[in-house]
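Shown next, in structure tokens, is the structure this report addresses.
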Amino acid sequence: LPTADAEEALAKLTEGGELILDARTSKTVTASEISIPRSVIQDMTEKKLTLQAMMNDAQVKLNAAALTSAYGKLTGTKLRICAGQLANSDLPKAARSDVQTADLWRVWLTDGIREVTEVAGSVRITITYTMRKGQSAAGMTAYAVNDDGTHTALRAANDKSAYTLSFTGSRLGVFALTELLDGELPFRDVFTSDWYYDDVRYVYENGLMNGVATTQFAPKTDITRGMLVTILYRVE
């Protein structure tokens, strides 16, 4: 991104606004990068702007706090927002068998010297997934692939018409887009990070509670008398 073009765009934005950089192309690519001069990032942090980088099949949106955090961690002359597809062989060996049919992506920030995969603030990532034979768009979800080969389910919004999954957090890194993995709870409103996750798993695996729908447990819903009677009956 030329500095002059960026400064012209910034001049039109007021404090708290959003700078959108669209680097999408009609060409088929497996990796994309948007490079922004550090001086521009500094101006954006002073204005408390949000930055949205739009690339082929991947979008990365950093709120003002995340952008300020990245600016503090990366001291090179440019901030580069990068996204690229991975092969299964690029993953830690322990993770490969679980996500053999997944779309695998790596998303990160760098200044060409250091890399940042976690920031203070909020980063929203949107990635396009590929439908394979036998798969259903409704069943697609996203996982973060950890360095030790384990995976963490993400609270992902699924746009079934655009074939995209969007998730928000403070972390970048490696992500797998696939159907529900074996051994995972089927509920889209219960995540491993929830304090009650182990309790939900226990009552589900022991047949005490099945949720309110196939993919919904409704953990914040008050239990009714009828539900309690059913649970007590199943205990017996």
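Chain labels A, B, ... are given in the sequence in which chains occur in the structure tokens; within each chain residues are numbered consecutively from 1, and ligands are likewise numbered from 1 in the order shown.
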
> Please, which residues of stretch 61-230 of chain A, numbered as in this document, come out alpha helix (DSSP H) from DSSP, as a PyMOL selection string?
Replying inline: chain A and resi 64-73+93-96+197-205+225-230

> A:Glu33: which residues within 8 Å, counting only C-alpha atoms, same-chain residues fewer than 3 positions away excluded, as an MDAnalysis selection string?
Replying inline: chainID A and resid 55 80:83

>> List the spatial neighbours of A:Thr75 as number ranges by chain - criterion: any atom at most 10 Å away, only C-alpha atoms, same-chain residues fewer than 5 positions off excluded.
In response: A: 38, 70, 110-114

A:Pro219: which residues within 10 Å, counting only C-alpha atoms, same-chain residues fewer than 6 positions away excluded, as a short mmCIF file (atom, residue, chain, number, x, y, z; two decimals) with N, CA, C and O atoms, in the first residue's frame?
data_model
loop_
_atom_site.label_atom_id
_atom_site.label_comp_id
_atom_site.auth_asym_id
_atom_site.auth_seq_id
_atom_site.Cartn_x
_atom_site.Cartn_y
_atom_site.Cartn_z
N PHE A 187 -23.08 -29.81 20.19
CA PHE A 187 -23.76 -28.55 20.47
C PHE A 187 -22.92 -27.35 20.05
O PHE A 187 -21.77 -27.22 20.45
N ASP A 189 -23.45 -24.33 20.95
CA ASP A 189 -23.45 -23.28 21.97
C ASP A 189 -22.69 -23.70 23.23
O ASP A 189 -22.83 -23.10 24.28
N VAL A 190 -21.87 -24.76 23.12
CA VAL A 190 -21.03 -25.22 24.22
C VAL A 190 -19.61 -25.39 23.69
O VAL A 190 -19.40 -26.09 22.70
N TYR A 196 -18.47 -24.74 32.21
CA TYR A 196 -19.38 -25.87 32.41
C TYR A 196 -19.22 -26.96 31.35
O TYR A 196 -20.02 -27.90 31.30
N TYR A 197 -18.19 -26.86 30.52
CA TYR A 197 -18.03 -27.81 29.41
C TYR A 197 -17.99 -29.26 29.90
O TYR A 197 -18.68 -30.13 29.36
N VAL A 200 -21.41 -30.51 30.98
CA VAL A 200 -22.28 -30.81 29.83
C VAL A 200 -21.87 -32.13 29.19
O VAL A 200 -22.72 -32.97 28.85
N GLY A 211 -29.88 -32.08 25.32
CA GLY A 211 -29.98 -30.77 24.71
C GLY A 211 -31.41 -30.48 24.27
O GLY A 211 -32.29 -31.34 24.33
N VAL A 212 -31.63 -29.26 23.81
CA VAL A 212 -32.96 -28.87 23.36
C VAL A 212 -33.15 -29.08 21.87
O VAL A 212 -34.26 -28.98 21.35
#

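Atom to atom, atom CA of A:Ala65 and atom CA of A:Ala120 stand 6.3 Å apart.
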
> Pick the closest to A:Gly149 from A:Asp90, A:Glu115, A:Trp105, A:Gly207: which is it, counting only C-alpha atoms?
Replying inline: A:Asp90

>> If we count only C-alpha atoms and set the cut-off at 12 Å, which residues sit around A:Asp147, ignoring sequence neighbours fewer than 6 positions away in its own chain? Please answer as a list in words.
In response: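 Listed by chain and then number, they are Asp90, Leu91, Pro92, Lys93, Ala94, Ala95, Thr117, Gly173, Val174 and Phe175 of chain A.
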
With N, CA and C atoms retained, export the selected residues as a short mmCIF file (atom, residue, chain, number, x, y, z; two decimals), in the first residue's frame.
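Output file part_3.cif is given in full below:
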data_model
loop_
_atom_site.label_atom_id
_atom_site.label_comp_id
_atom_site.auth_asym_id
_atom_site.auth_seq_id
_atom_site.Cartn_x
_atom_site.Cartn_y
_atom_site.Cartn_z
N ASP A 90 1.77 -29.81 6.67
CA ASP A 90 2.35 -28.64 7.34
C ASP A 90 2.02 -28.60 8.83
N LEU A 91 1.06 -29.40 9.26
CA LEU A 91 0.63 -29.40 10.64
C LEU A 91 1.53 -30.27 11.51
N PRO A 92 1.50 -30.06 12.83
CA PRO A 92 2.18 -31.00 13.74
C PRO A 92 1.61 -32.41 13.51
N LYS A 93 2.45 -33.43 13.60
CA LYS A 93 2.01 -34.79 13.31
C LYS A 93 0.80 -35.20 14.12
N ALA A 94 0.74 -34.75 15.36
CA ALA A 94 -0.37 -35.15 16.24
C ALA A 94 -1.71 -34.61 15.77
N ALA A 95 -1.71 -33.58 14.94
CA ALA A 95 -2.97 -32.95 14.52
C ALA A 95 -3.46 -33.44 13.17
N THR A 117 1.06 -13.70 16.66
CA THR A 117 -0.12 -14.55 16.51
C THR A 117 -1.13 -14.32 17.63
N GLY A 173 -3.13 -17.48 13.84
CA GLY A 173 -2.43 -18.76 13.84
C GLY A 173 -2.98 -19.68 12.79
N VAL A 174 -3.08 -20.98 13.13
CA VAL A 174 -3.52 -22.00 12.20
C VAL A 174 -4.96 -22.41 12.53
N PHE A 175 -5.79 -22.50 11.49
CA PHE A 175 -7.20 -22.81 11.67
C PHE A 175 -7.63 -23.92 10.72
#

>> Counting only C-alpha atoms, which residue out of A:Ala87, A:Leu62, A:Asp159, A:Thr77 sits closest to A:Glu118?
In response: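 Closest candidate: A:Leu62.
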